Structure formats: structure tokens, C-alpha cells
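Undergrad: This is coords-v5.cif, which holds mmCIF, C-alpha atoms:
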data_upload
loop_
_atom_site.label_atom_id
_atom_site.label_comp_id
_atom_site.auth_asym_id
_atom_site.auth_seq_id
_atom_site.Cartn_x
_atom_site.Cartn_y
_atom_site.Cartn_z
CA MET A 1270 0.00 0.00 0.00
CA ARG A 1271 2.85 2.36 0.81
CA ALA A 1272 4.41 1.66 -2.59
CA ILE A 1273 1.11 2.53 -4.32
CA SER A 1274 0.89 5.80 -2.38
CA LEU A 1275 4.48 6.65 -3.29
CA LEU A 1276 3.83 5.95 -6.99
CA MET A 1277 0.72 8.13 -6.90
CA PHE A 1278 2.80 10.92 -5.36
CA LEU A 1279 5.47 10.56 -8.03
CA ALA A 1280 2.83 10.66 -10.76
CA GLY A 1281 1.20 13.79 -9.40
CA VAL A 1282 4.23 15.77 -8.36
CA SER A 1283 4.81 17.20 -11.85
CA ILE A 1284 1.39 18.84 -11.66
CA SER A 1285 2.22 20.65 -8.43
CA VAL A 1286 5.83 21.64 -9.21
CA SER A 1287 4.89 24.98 -10.79
CA ALA A 1288 1.79 25.62 -8.70
CA GLU A 1289 3.38 28.33 -6.55
CA PRO A 1290 5.69 31.06 -7.91
CA LEU A 1291 9.07 31.62 -6.32
CA PRO A 1292 9.01 33.92 -3.28
CA LYS A 1293 10.29 37.46 -3.85
CA PRO A 1294 12.81 37.94 -2.39
CA LEU A 1295 13.94 34.34 -2.09
CA SER A 1296 15.69 33.26 1.11
CA LEU A 1297 18.07 30.34 1.47
CA GLU A 1298 15.64 28.52 3.77
CA GLN A 1299 12.83 28.83 1.20
CA ALA A 1300 15.11 27.60 -1.58
CA LEU A 1301 16.11 24.54 0.44
CA ILE A 1302 12.46 23.72 1.16
CA LEU A 1303 11.73 23.88 -2.56
CA ALA A 1304 14.74 21.67 -3.27
CA ASP A 1305 13.40 18.81 -1.16
CA GLY A 1306 11.14 16.65 -3.26
CA GLN A 1307 10.58 18.43 -6.57
CA HIS A 1308 13.69 17.74 -8.62
CA PRO A 1309 13.81 14.78 -11.04
CA THR A 1310 16.99 13.52 -9.36
CA VAL A 1311 15.10 13.06 -6.09
CA LEU A 1312 12.04 11.64 -7.83
CA LEU A 1313 14.16 9.01 -9.58
CA ALA A 1314 15.52 7.88 -6.21
CA ARG A 1315 11.98 7.70 -4.84
CA ALA A 1316 10.87 5.69 -7.84
CA GLU A 1317 13.68 3.22 -7.14
CA GLU A 1318 12.48 2.97 -3.54
CA ALA A 1319 8.95 2.26 -4.79
CA ARG A 1320 10.28 -0.50 -7.07
CA ALA A 1321 12.20 -2.05 -4.18
CA GLU A 1322 9.08 -2.03 -2.02
CA ALA A 1323 7.07 -3.60 -4.83
CA ARG A 1324 9.69 -6.35 -5.16
CA LEU A 1325 9.46 -6.99 -1.43
CA GLN A 1326 5.68 -7.27 -1.61
CA GLN A 1327 5.99 -9.69 -4.51
CA THR A 1328 8.51 -11.84 -2.62
CA ARG A 1329 6.29 -11.92 0.46
CA SER A 1330 3.36 -13.06 -1.64
CA ASP A 1331 5.20 -15.97 -3.28
CA ASP A 1332 4.21 -18.41 -0.50
CA ASP A 1333 0.74 -16.97 0.13
CA LEU A 1334 -2.29 -19.21 0.12
CA SER A 1335 -3.44 -19.97 -3.44
CA VAL A 1336 -7.17 -20.55 -4.05
CA LEU A 1337 -8.34 -21.58 -7.52
CA LEU A 1338 -11.84 -22.31 -8.75
CA GLU A 1339 -11.98 -24.17 -12.02
CA GLY A 1340 -15.05 -25.10 -14.07
CA ARG A 1341 -14.92 -27.36 -17.11
CA LEU A 1342 -17.70 -28.03 -19.64
CA GLN A 1343 -16.68 -31.26 -21.34
CA TYR A 1344 -18.27 -33.80 -23.63
CA LEU A 1345 -16.98 -37.38 -23.48
CA GLU A 1346 -17.53 -40.34 -25.76
CA PRO A 1347 -17.23 -43.32 -23.35
CA ALA A 1348 -15.71 -46.63 -24.33
CA GLU A 1349 -18.17 -49.35 -25.34
CA MET A 1350 -17.11 -51.64 -22.48
CA SER A 1351 -17.26 -48.87 -19.85
CA SER A 1352 -19.85 -49.13 -17.09
CA PHE A 1353 -20.21 -45.31 -17.15
CA GLN A 1354 -21.89 -44.29 -20.38
CA GLU A 1355 -22.69 -40.71 -19.33
CA ARG A 1356 -21.38 -38.35 -22.02
CA ASN A 1357 -21.52 -35.11 -19.98
CA ASP A 1358 -18.14 -35.08 -18.24
CA SER A 1359 -18.42 -31.51 -16.90
CA ARG A 1360 -16.88 -30.78 -13.53
CA ALA A 1361 -16.06 -28.03 -10.99
CA GLN A 1362 -13.06 -27.94 -8.71
CA LEU A 1363 -12.00 -25.74 -5.80
CA ARG A 1364 -8.28 -26.11 -5.20
CA VAL A 1365 -6.34 -24.66 -2.26
CA GLU A 1366 -2.53 -24.78 -2.13
CA LYS A 1367 0.03 -23.44 0.34
CA ARG A 1368 3.77 -23.76 0.44
CA LEU A 1369 4.43 -24.86 3.99
CA TYR A 1370 8.20 -25.12 4.12
CA ASP A 1371 11.05 -24.76 1.67
CA PHE A 1372 13.99 -25.04 4.09
CA GLY A 1373 14.84 -21.32 4.20
CA TYR A 1374 14.62 -20.40 0.51
CA THR A 1375 11.63 -18.02 0.77
CA ARG A 1376 12.89 -16.52 4.03
CA ALA A 1377 16.28 -15.75 2.47
CA ARG A 1378 14.61 -14.10 -0.55
CA GLN A 1379 12.41 -11.97 1.70
CA ASP A 1380 15.39 -10.92 3.83
CA SER A 1381 17.27 -9.97 0.67
CA ALA A 1382 14.34 -7.89 -0.59
CA GLU A 1383 14.03 -6.13 2.79
CA SER A 1384 17.74 -5.25 2.74
CA ALA A 1385 17.42 -3.99 -0.84
CA LEU A 1386 14.52 -1.76 0.26
CA GLU A 1387 16.61 -0.32 3.12
CA ALA A 1388 19.38 0.40 0.62
CA ALA A 1389 16.91 2.20 -1.66
CA ARG A 1390 15.65 4.31 1.26
CA TRP A 1391 19.15 5.41 2.17
CA LYS A 1392 19.87 6.13 -1.48
CA GLU A 1393 16.82 8.39 -1.59
CA LEU A 1394 18.12 10.26 1.47
CA ASP A 1395 21.53 10.60 -0.17
CA ALA A 1396 19.90 12.00 -3.33
CA ARG A 1397 17.94 14.56 -1.28
CA GLN A 1398 21.08 15.65 0.55
CA ARG A 1399 23.04 16.02 -2.68
CA GLN A 1400 20.26 18.08 -4.24
CA ARG A 1401 20.06 20.29 -1.13
CA LEU A 1402 23.80 20.99 -1.32
CA LYS A 1403 23.49 21.70 -5.05
CA VAL A 1404 20.77 24.27 -4.40
CA MET A 1405 22.78 25.81 -1.58
CA LYS A 1406 25.85 26.24 -3.77
CA ALA A 1407 23.77 27.66 -6.63
CA PHE A 1408 22.15 30.14 -4.21
CA PHE A 1409 25.54 31.33 -2.97
CA ASP A 1410 26.85 31.60 -6.54
CA VAL A 1411 24.04 34.02 -7.37
CA LEU A 1412 24.86 36.22 -4.37
CA LEU A 1413 28.56 36.20 -5.26
CA ALA A 1414 27.75 37.12 -8.86
CA ASP A 1415 25.73 40.09 -7.61
CA LEU A 1416 28.60 41.24 -5.39
CA GLU A 1417 31.05 40.85 -8.28
CA TYR A 1418 28.82 42.97 -10.47
CA THR A 1419 28.59 45.65 -7.76
CA ARG A 1420 32.38 45.77 -7.49
CA ASP A 1421 32.89 45.88 -11.26
CA ASN A 1422 30.14 48.45 -11.78
CA GLU A 1423 31.80 50.78 -9.28
CA ALA A 1424 35.11 50.27 -11.06
CA VAL A 1425 33.49 51.15 -14.41
CA ALA A 1426 31.96 54.33 -12.98
CA ILE A 1427 35.31 55.45 -11.60
CA ALA A 1428 37.20 54.54 -14.77
CA TYR A 1429 34.68 56.43 -16.90
CA VAL A 1430 35.05 59.61 -14.87
CA ARG A 1431 38.84 59.44 -15.12
CA VAL A 1432 38.86 58.74 -18.85
CA ASP A 1433 36.40 61.58 -19.40
CA LYS A 1434 38.69 63.99 -17.55
CA LEU A 1435 41.67 62.77 -19.56
CA ARG A 1436 39.79 63.39 -22.79
CA GLU A 1437 39.20 66.97 -21.70
CA ARG A 1438 42.90 67.36 -20.90
CA HIS A 1439 43.78 65.83 -24.27
CA LYS A 1440 41.65 68.42 -26.02
CA LEU A 1441 43.60 71.09 -24.16
CA GLY A 1442 46.87 69.48 -25.20
CA GLN A 1443 47.88 68.62 -21.66
CA ILE A 1444 48.40 64.88 -22.33
CA SER A 1445 49.49 62.94 -25.39
CA GLU A 1446 47.42 60.63 -27.61
CA LEU A 1447 49.45 57.70 -26.33
CA GLU A 1448 48.60 58.39 -22.69
CA LEU A 1449 44.90 58.76 -23.52
CA SER A 1450 44.86 55.54 -25.56
CA GLU A 1451 46.49 53.66 -22.70
CA LYS A 1452 43.81 54.80 -20.22
CA GLU A 1453 41.01 54.13 -22.69
CA ALA A 1454 42.31 50.59 -23.14
CA LEU A 1455 42.22 50.13 -19.36
CA TYR A 1456 38.66 51.48 -19.32
CA GLU A 1457 37.59 48.98 -21.98
CA LYS A 1458 39.15 46.19 -19.93
CA VAL A 1459 37.16 47.22 -16.84
CA LEU A 1460 34.04 47.53 -18.98
CA SER A 1461 34.58 44.03 -20.35
CA ARG A 1462 34.93 42.65 -16.84
CA ARG A 1463 31.62 44.23 -15.84
CA SER A 1464 29.97 42.68 -18.90
CA ALA A 1465 31.30 39.28 -17.84
CA SER A 1466 29.93 39.85 -14.35
CA ALA A 1467 26.51 40.68 -15.78
CA ASN A 1468 26.57 37.47 -17.81
CA ARG A 1469 27.55 35.55 -14.71
CA GLN A 1470 24.52 36.99 -12.90
CA ARG A 1471 22.22 35.47 -15.48
CA GLU A 1472 24.19 32.21 -15.69
CA THR A 1473 24.10 31.61 -11.93
CA ARG A 1474 20.40 32.44 -11.75
CA MET A 1475 19.68 29.89 -14.45
CA ARG A 1476 21.68 27.26 -12.54
CA LEU A 1477 19.68 28.02 -9.39
CA ALA A 1478 16.41 27.84 -11.34
CA LEU A 1479 17.40 24.45 -12.77
CA ALA A 1480 18.41 23.17 -9.33
CA LEU A 1481 14.97 24.21 -8.06
CA ASN A 1482 13.29 22.60 -11.08
CA ARG A 1483 11.99 26.04 -12.14
CA PRO A 1484 13.72 26.51 -15.53
CA ASP A 1485 11.22 29.16 -16.67
CA GLU A 1486 11.42 31.25 -13.51
CA LEU A 1487 14.76 32.94 -12.81
CA PRO A 1488 14.99 34.18 -9.20
CA ALA A 1489 15.35 37.95 -9.34
CA GLU A 1490 16.19 38.95 -5.76
CA LEU A 1491 17.86 36.85 -3.09
CA LEU A 1492 18.21 37.52 0.62
CA MET A 1493 21.72 37.51 2.06
CA PRO A 1494 21.99 34.87 4.81
CA PRO A 1495 23.44 35.97 8.16
CA ALA A 1496 27.19 35.63 8.60
CA PRO A 1497 28.17 32.35 10.27
CA ASP A 1498 29.92 32.09 13.60
CA MET A 1499 33.32 30.96 12.42
CA GLN A 1500 34.85 30.98 15.88
CA GLN A 1501 33.15 27.75 16.87
CA SER A 1502 35.59 24.89 17.18
CA LEU A 1503 35.31 21.88 14.91
CA PRO A 1504 34.97 18.36 16.34
CA ALA A 1505 38.15 16.33 16.53
CA LEU A 1506 39.16 14.77 13.23
CA ASP A 1507 38.94 11.22 14.60
CA GLU A 1508 35.43 11.96 15.85
CA LEU A 1509 34.42 13.16 12.39
CA TYR A 1510 35.90 10.01 10.86
CA ASP A 1511 33.88 7.81 13.22
CA GLN A 1512 30.62 9.68 12.56
CA VAL A 1513 31.00 9.56 8.79
CA LEU A 1514 32.12 5.93 8.59
CA GLN A 1515 29.22 4.90 10.81
CA ASP A 1516 26.34 7.02 9.46
CA ASN A 1517 27.20 8.01 5.89
CA PRO A 1518 24.11 7.31 3.72
CA ALA A 1519 26.09 6.06 0.72
CA LEU A 1520 27.95 3.64 2.98
CA LYS A 1521 24.66 2.45 4.44
CA VAL A 1522 23.41 1.83 0.90
CA LEU A 1523 26.38 -0.43 0.21
CA ARG A 1524 26.11 -2.18 3.59
CA HIS A 1525 22.47 -3.04 2.96
CA ARG A 1526 23.28 -4.11 -0.59
CA MET A 1527 26.03 -6.34 0.76
CA THR A 1528 23.58 -7.87 3.23
CA ALA A 1529 21.07 -8.36 0.40
CA ALA A 1530 23.77 -10.06 -1.69
CA LYS A 1531 24.62 -12.45 1.17
CA GLN A 1532 20.95 -13.36 1.56
CA THR A 1533 20.60 -13.78 -2.19
CA LEU A 1534 23.60 -16.10 -2.08
CA GLU A 1535 21.91 -18.12 0.65
CA ALA A 1536 18.67 -18.23 -1.36
CA ALA A 1537 20.56 -19.41 -4.44
CA ALA A 1538 21.99 -22.29 -2.45
CA ARG A 1539 18.49 -23.32 -1.30
CA ARG A 1540 16.52 -22.67 -4.48
CA TYR A 1541 16.71 -26.21 -5.81
CA GLY A 1542 16.11 -27.83 -2.42
CA PRO A 1543 13.08 -29.75 -1.15
CA VAL A 1544 9.68 -28.06 -0.83
CA LEU A 1545 6.80 -29.17 1.39
CA ARG A 1546 3.40 -28.09 0.11
CA GLY A 1547 -0.16 -28.60 1.35
CA GLU A 1548 -3.04 -29.19 -1.06
CA MET A 1549 -6.83 -29.51 -0.66
CA GLN A 1550 -9.41 -30.08 -3.36
CA ALA A 1551 -13.22 -30.00 -3.35
CA ASN A 1552 -14.70 -31.50 -6.52
CA TYR A 1553 -18.07 -31.78 -8.17
CA TYR A 1554 -18.42 -34.21 -11.11
CA ASN A 1555 -21.38 -34.45 -13.42
CA ARG A 1556 -20.11 -37.93 -14.37
CA GLU A 1557 -19.03 -39.88 -11.32
CA THR A 1558 -16.81 -42.94 -11.59
CA ARG A 1559 -14.99 -45.17 -9.13
CA SER A 1560 -11.92 -42.89 -9.32
CA THR A 1561 -13.68 -39.56 -8.69
CA ALA A 1562 -13.68 -38.12 -5.17
CA PRO A 1563 -15.57 -35.08 -3.82
CA PHE A 1564 -12.74 -34.08 -1.47
CA SER A 1565 -9.04 -34.72 -1.08
CA ALA A 1566 -6.16 -33.36 1.03
CA ALA A 1567 -2.45 -34.02 0.70
CA LEU A 1568 1.00 -33.12 1.92
CA VAL A 1569 3.33 -32.99 -1.06
CA LEU A 1570 7.11 -33.16 -0.75
CA GLU A 1571 9.03 -32.16 -3.86
CA MET A 1572 12.66 -33.20 -4.06
CA PRO A 1573 14.56 -31.86 -7.11
CA LEU A 1574 17.15 -34.37 -8.25
CA TYR A 1575 18.97 -32.47 -10.98
CA SER A 1576 19.09 -28.77 -11.88
CA GLY A 1577 21.84 -28.73 -14.47
CA GLY A 1578 24.12 -25.71 -14.20
CA ARG A 1579 21.39 -23.31 -13.09
CA GLU A 1580 22.25 -23.50 -9.39
CA ASP A 1581 25.95 -22.87 -10.00
CA ALA A 1582 25.17 -19.91 -12.29
CA GLU A 1583 22.86 -18.26 -9.76
CA THR A 1584 25.33 -18.81 -6.93
CA ALA A 1585 28.16 -17.32 -8.99
CA ARG A 1586 26.07 -14.26 -9.86
CA ALA A 1587 25.12 -13.69 -6.20
CA ARG A 1588 28.75 -14.11 -5.11
CA ALA A 1589 29.90 -11.59 -7.73
CA GLU A 1590 27.32 -9.07 -6.46
CA LEU A 1591 28.59 -9.58 -2.92
CA LEU A 1592 32.22 -9.05 -3.94
CA ASP A 1593 31.26 -5.94 -5.90
CA SER A 1594 29.49 -4.40 -2.88
CA GLN A 1595 32.43 -5.23 -0.59
CA ALA A 1596 34.93 -3.61 -2.96
CA ARG A 1597 32.77 -0.53 -3.46
CA MET A 1598 32.35 -0.12 0.28
CA SER A 1599 36.09 -0.33 0.93
CA GLN A 1600 36.75 2.18 -1.83
CA LEU A 1601 34.09 4.58 -0.54
CA GLU A 1602 35.48 4.43 3.01
CA LEU A 1603 38.86 5.59 1.71
CA GLU A 1604 37.26 8.37 -0.34
CA LEU A 1605 35.19 9.54 2.62
CA ARG A 1606 38.25 9.77 4.83
CA GLN A 1607 39.92 11.98 2.24
CA GLN A 1608 36.80 14.16 1.88
CA VAL A 1609 36.53 14.65 5.63
CA LEU A 1610 40.20 15.59 5.90
CA ASP A 1611 39.96 18.06 3.00
CA LEU A 1612 36.86 19.73 4.45
CA TYR A 1613 38.38 19.86 7.94
CA LEU A 1614 41.60 21.49 6.74
CA GLU A 1615 39.70 23.90 4.49
CA GLN A 1616 37.51 25.02 7.40
CA GLU A 1617 40.61 25.75 9.46
CA GLN A 1618 42.09 27.73 6.57
CA LEU A 1619 38.84 29.64 6.04
CA LYS A 1620 38.82 30.66 9.72
CA ARG A 1621 42.31 32.14 9.40
CA ARG A 1622 41.42 33.80 6.09
CA ALA A 1623 38.28 35.36 7.62
CA SER A 1624 40.29 36.81 10.52
CA GLU A 1625 42.72 38.36 8.06
CA LEU A 1626 39.91 39.89 5.99
CA LYS A 1627 38.23 41.29 9.08
CA VAL A 1628 41.40 43.26 9.78
CA ARG A 1629 41.58 44.38 6.15
CA GLU A 1630 37.92 45.38 6.24
CA GLY A 1631 38.54 47.58 9.28
CA TYR A 1632 41.54 49.14 7.56
CA ARG A 1633 39.56 49.77 4.36
CA ASP A 1634 36.77 51.42 6.35
CA LEU A 1635 39.26 53.78 7.95
CA TYR A 1636 40.88 54.39 4.58
CA LEU A 1637 37.47 55.16 3.07
CA ASP A 1638 36.69 57.67 5.82
CA ARG A 1639 40.05 59.33 5.29
CA SER A 1640 39.53 59.45 1.51
CA ARG A 1641 36.06 60.89 1.93
CA THR A 1642 37.41 63.63 4.23
CA LEU A 1643 40.25 64.51 1.87
CA TYR A 1644 37.88 64.41 -1.07
CA GLU A 1645 35.64 66.94 0.62
CA LEU A 1646 38.71 69.09 1.15
CA GLU A 1647 39.57 68.56 -2.58
CA ARG A 1648 43.04 67.30 -1.74
CA THR A 1649 42.65 63.81 -3.28
CA SER A 1650 40.40 61.96 -5.68
CA ASP A 1651 40.91 58.33 -4.64
CA LEU A 1652 37.49 58.04 -2.96
CA GLY A 1653 36.27 55.81 -5.79
CA ASP A 1654 39.27 53.49 -5.43
CA ALA A 1655 38.55 53.13 -1.73
CA MET A 1656 34.91 52.22 -2.45
CA VAL A 1657 35.97 49.57 -4.99
CA GLN A 1658 38.42 48.11 -2.48
CA ILE A 1659 35.69 47.95 0.16
CA SER A 1660 33.42 46.12 -2.29
CA ALA A 1661 36.25 43.71 -3.15
CA VAL A 1662 36.86 42.92 0.52
CA LYS A 1663 33.13 42.36 1.10
CA LEU A 1664 33.05 40.04 -1.90
CA GLU A 1665 35.98 38.01 -0.63
CA LEU A 1666 34.53 37.85 2.88
CA ALA A 1667 31.18 36.69 1.50
CA ARG A 1668 32.96 34.03 -0.55
CA ILE A 1669 34.64 32.76 2.62
CA HIS A 1670 31.38 32.81 4.62
CA PHE A 1671 29.51 30.93 1.91
CA GLN A 1672 32.26 28.32 1.55
CA TRP A 1673 32.29 27.84 5.32
CA LEU A 1674 28.52 27.30 5.40
CA LEU A 1675 28.67 24.94 2.43
CA ASN A 1676 31.51 22.90 3.93
CA GLN A 1677 29.66 22.73 7.23
CA GLU A 1678 26.59 21.31 5.50
CA ARG A 1679 28.76 18.91 3.50
CA LEU A 1680 30.21 17.52 6.73
CA ARG A 1681 26.69 17.08 8.10
CA ALA A 1682 25.61 15.38 4.88
CA LEU A 1683 28.57 12.99 5.00
CA SER A 1684 27.44 11.85 8.45
CA GLY A 1685 23.78 11.64 7.41
CA LYS A 1686 22.66 14.59 9.55
CA LEU A 1687 21.65 17.07 6.87
CA LEU A 1688 18.16 15.61 6.59
CA ASN A 1689 16.04 13.10 8.48
CA GLY A 1690 17.04 9.49 7.96
CA PRO A 1691 14.89 6.54 6.86
CA ASP A 1692 13.71 5.77 10.41
CA GLU A 1693 11.95 9.12 10.69
CA GLN A 1694 10.72 8.86 7.11
CA ARG A 1695 8.99 5.60 8.00
CA LYS A 1696 7.39 7.25 11.04
CA LYS A 1697 6.03 10.00 8.82
CA GLY A 1698 4.96 7.49 6.16
#
Go ahead and express the file in the form of C-alpha cells.

TA:
Amino acid sequence: MRAISLLMFLAGVSISVSAEPLPKPLSLEQALILADGQHPTVLLARAEEARAEARLQQTRSDDDLSVLLEGRLQYLEPAEMSSFQERNDSRAQLRVEKRLYDFGYTRARQDSAESALEAARWKELDARQRQRLKVMKAFFDVLLADLEYTRDNEAVAIAYVRVDKLRERHKLGQISELELSEKEALYEKVLSRRSASANRQRETRMRLALALNRPDELPAELLMPPAPDMQQSLPALDELYDQVLQDNPALKVLRHRMTAAKQTLEAAARRYGPVLRGEMQANYYNRETRSTAPFSAALVLEMPLYSGGREDAETARARAELLDSQARMSQLELELRQQVLDLYLEQEQLKRRASELKVREGYRDLYLDRSRTLYELERTSDLGDAMVQISAVKLELARIHFQWLLNQERLRALSGKLLNGPDEQRKKG
């Protein structure tokens, strides 16, 4: 029943994806809510979970009670010497069958299907986490593109004023054509950089729209998230290793797949074993003979004697699947250790970089105040340069803050803490 409900949700989600327009302005929290459940990447993982649940239901039903009602309209030409000359040989039969025991084969198949379903659930969680991180990065890229454009636009305004003044001086013969051409070339370079920043604004917004599954709705205005507290200390590296190696969703997928492969291997070894089955039949015959009976019940023991190479082939396939899962898990553990170490060291470096920029930001603020005062006294004209430098420092600080937040969420995702795990999903389901 749960699989049917999940399939109905998957079928109807495309109708509701574009029901509500994007909020204006769009916050990071709102974007992450939209990311959870609407993107095809997540829906594909949920479809795989639905298939795994359907396979489990099918496996559980293999040894269910089977009830068959059969009616047969039949004409018979009896033998001349037969004592039963009735030609109407029609009959009705109610047959009930139940597999009673197959020495662990069905149980092993059900256990394998249950493990495969757990793997699919953890894979769905992993897909949701990856999509959430993708949306988060796309959101930050848009904000950075806007800050880059602000910096470059200020630089263009300042360069234009300076080139315009130089053109006036050139008309008065105060500077040469060569000097003017050199400054105009620098102005064109700054102008080109602003154009690239404007293109990046549109490019990053399209990436965010695609990550949100809203390709026709580019987010216009985004809210800047609050600056993170980068003074908090990180957990010990060994503690992070333990958390990730124990709770990583991708590792849990492989562990459950490995368990499923072991149970499939056990099922393959028992598939061509003995089977005990119960049968009952209630019959009605229009033409009764000495061999017809209105009711019968039997215990049937089937003992396969020869299966050719089928058993060996199925066992080899199950063993190969087990070895594949074991190798993948060992490889992933090594990769996760490297990812944790890289993120840990980068967070430490970002903390030091943020402290340095905080000092530079304070210096730039003082420099801007000084430039503004001197500008008002008409003793200097570097006010614009100071404003561009302030914008550049803010851009770099924002880049550090965003990378810190993204790395923090990546560490949580690696340990399965970014979203609720399968246990809570089952409670909600």
C-alpha cells in the first residue's frame, strides 16, 4: 500500500511543481524547502524505492495461500465396455494450495528484498542531501555574482570619470594621444569585466532555477543569509571520521546491498532444495466414476534431483554481487576519509582567512573615511578606489562565509545529519 501511495505521489508531483511562484525575495531557507522533493533527481531515487518495495511485496506473496476455482464443460464419448456411459463429463473444482516449508529459501529471498529496500531508502536520502547541497551552492553563486557585479560596476563608474577627464585634458593638449589611448584601453578592460559579471549573474540564476526545477522562472532577488559564527571549534578529526564511517548514507546503501547479496547467495543455495506443500481439493463431477472423489487433502514433498548448471550460475552471480558491494564499500570508506580531511583542513584555513579579511575590512573602512574627508577638502580623488576596495573585501569575505557554510553542510551530509534518515521517514509514512 505504501508503494502505491508513493507511486501516486510521483505521478502527481509534476502537476504541483509549478503551482506556486518563487518567493520574492527568495531566502536560502525557502530555496532549500523547494529543493526537497521536486527535482527529477530526487524523484528518480523515490521511484527506485517504490520499485524495491514492490519487489518486497511480490517476494512476500510468493508463498501466500493460493485458491483456484476451475469449471470445465466437457463432452466425453465413453468406451463401449465402460460401465459409465454418461457423455456429460463436466466438472467443478475448488483447489487450495500453500507452500508450507522450503527449508529457508523463501525466508532468504524476503530478507534480501528487505535489505534492498533499506538500501533504496538510504539512497533516496543521499539524493535529497546532494540536491540540497546543489541548491545551496547555486544560491551562494548568485549572491557572489551580484557582489562581483557591484564591485565591477563601481570600477566602471570610476574609470569612466577618469577617462572623461583625460579626454578633456587631451583636447587642451595637456596629455598625449598615447597616454589617452592607454587609459582608454584600461577602461575597456574594466568595462569588459563588468559585462562578464553581468553574464555571470544570469548564468548563476539559471543554474539556481534548474536546481529548483523552475527553468522558466529565474529568481530575481535573493536575501543575504546571516554571517556564520566561524569561531566555533570543529569536532576532533577522529570523531568526524567515526561519525562519517558509521552514518554516511552512501555507505549504508552499500552495507544493505552487501547484506542483500549475502541473503541472495543463501537463497541461491536453497533454491533447488526440497519443498513441502499442502493441497486440498473439493470437486463436483457431473459424471461420477470409481476414481472420482468429492474431497481430497495431501501433503506434497518435492525433491529436485537435478538442476543442471542453473544453481551454480545463480550462486556465482550472487557471489559476484557480494564481492562488488564489498569492494565498493572499501573504496568509498577511503574516499570519505579523504573528503573529511579536505573539508576539515579547508575550514581551518577559512577561519584564518576570515580573521585576516576582518582586519583588512577595518583598515579599508578607515581608509574610506580618510579618503572621503580629503575628497571633501579637494586634496585627493581616490574616494572611488577606496569604495571599490571595500566592495572587493566584502566580496571576498562573503565568498569565505559561503564556503564555510557549504563545507559545514557537506560535513553534516557525510554523516547523514543534513536531513532526516529513513527511520523518521517511516514514522512520517

Undergrad: Compare A:Glu1472, A:Glu1393, A:Asp1380, A:Asp1332 by their minimum atom-to-atom distance to Ala1314 (chain A), counting only C-alpha atoms, and give me the closest one.

TA: A:Glu1393

Undergrad: Compile the contact shell of region 1544-1556 of chain A as a VMD selection string: residues with an atom at most 6 Å away, counting all atoms listed in the file, same-chain residues fewer than 5 positions apart removed.

TA: chain A and resid 1358 to 1371 1563 to 1571

Undergrad: Measuring atom to atom with all atoms listed in the file, identify which of A:Glu1437, A:Asp1415, A:Glu1322, A:Glu1486 is nearest to Pro1292 (chain A).

TA: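 When distances to Pro1292 (chain A) are compared using all atoms listed in the file, the smallest one comes from A:Glu1486.
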
Undergrad: Check the smallest atom-to-atom distance from each of A:Glu1423, A:Glu1453, A:Glu1557, A:Glu1417 to Leu1435 (chain A) using only C-alpha atoms, then report the winner.

TA: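 Between A:Glu1423, A:Glu1453, A:Glu1557, A:Glu1417, the residue approaching Leu1435 (chain A) most closely is A:Glu1453.
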
Undergrad: Where's the centre, and what are the edge lengths in Å to one decimal, of a box along x, y and z enclosing all listed atoms of region 1367-1385 of chain A padded 8 Å per side, as AutoDock Vina command-line options?

TA:
--center_x 8.9 --center_y -14.6 --center_z 1.7 --size_x 33.7 --size_y 37.1 --size_z 21.0

Undergrad: Separation of CA of Glu1535 (chain A) and CA of Leu1325 (chain A), in Å?

TA: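 That distance, rounded to one decimal, is 16.8 Å.
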
Undergrad: Between CA of Ala1529 (chain A) and CA of Asp1395 (chain A), what is the spacing in Å?

TA: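 That distance, rounded to one decimal, is 19.0 Å.
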
Undergrad: In terms of the shortest atom-to-atom distance over all atoms listed in the file, which of A:Arg1540, A:Lys1620, A:Arg1579, A:Arg1474 is closest to Leu1487 (chain A)?

TA: A:Arg1474

Undergrad: Considering only C-alpha atoms, state which residue in the set A:Thr1558, A:Trp1673, A:Ala1480, A:Leu1342 is at the smallest distance from Glu1355 (chain A).

TA: A:Thr1558

Undergrad: I need the residue set behind the PyMOL selection byres ((chain A and resi 1588) around 12) for this file; please write it as a list of chain:residue names.

TA: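 Here the PyMOL selection byres ((chain A and resi 1588) around 12) matches A:Met1527, A:Thr1528, A:Ala1529, A:Ala1530, A:Lys1531, A:Gln1532, A:Thr1533, A:Leu1534, A:Glu1535, A:Ala1536, A:Ala1537, A:Ala1538, A:Asp1581, A:Ala1582, A:Glu1583, A:Thr1584, A:Ala1585, A:Arg1586, A:Ala1587, A:Ala1589, A:Glu1590, A:Leu1591, A:Leu1592, A:Asp1593, A:Ser1594, A:Gln1595.
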
Undergrad: With all atoms listed in the file as the counted atoms, please give the residues lying no more than 9 Å from Lys1403 (chain A), apart from itself and same-chain residues fewer than 4 positions off, as a PyMOL selection string.

TA: chain A and resi 1304+1398-1399+1407-1408+1477+1480

Undergrad: I'd like the contact shell of Ser1599 (chain A) - 10 Å cut-off, all atoms listed in the file, skipping same-chain residues fewer than 5 positions apart - returned as a count of residues only.

TA: 4

Undergrad: From the options A:Ala1316, A:Ala1465, A:Val1513, A:Ala1389, which residue's atoms come nearest to Ser1684 (chain A), counting only C-alpha atoms?

TA: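 Closest to Ser1684 (chain A) of all the choices is A:Val1513.
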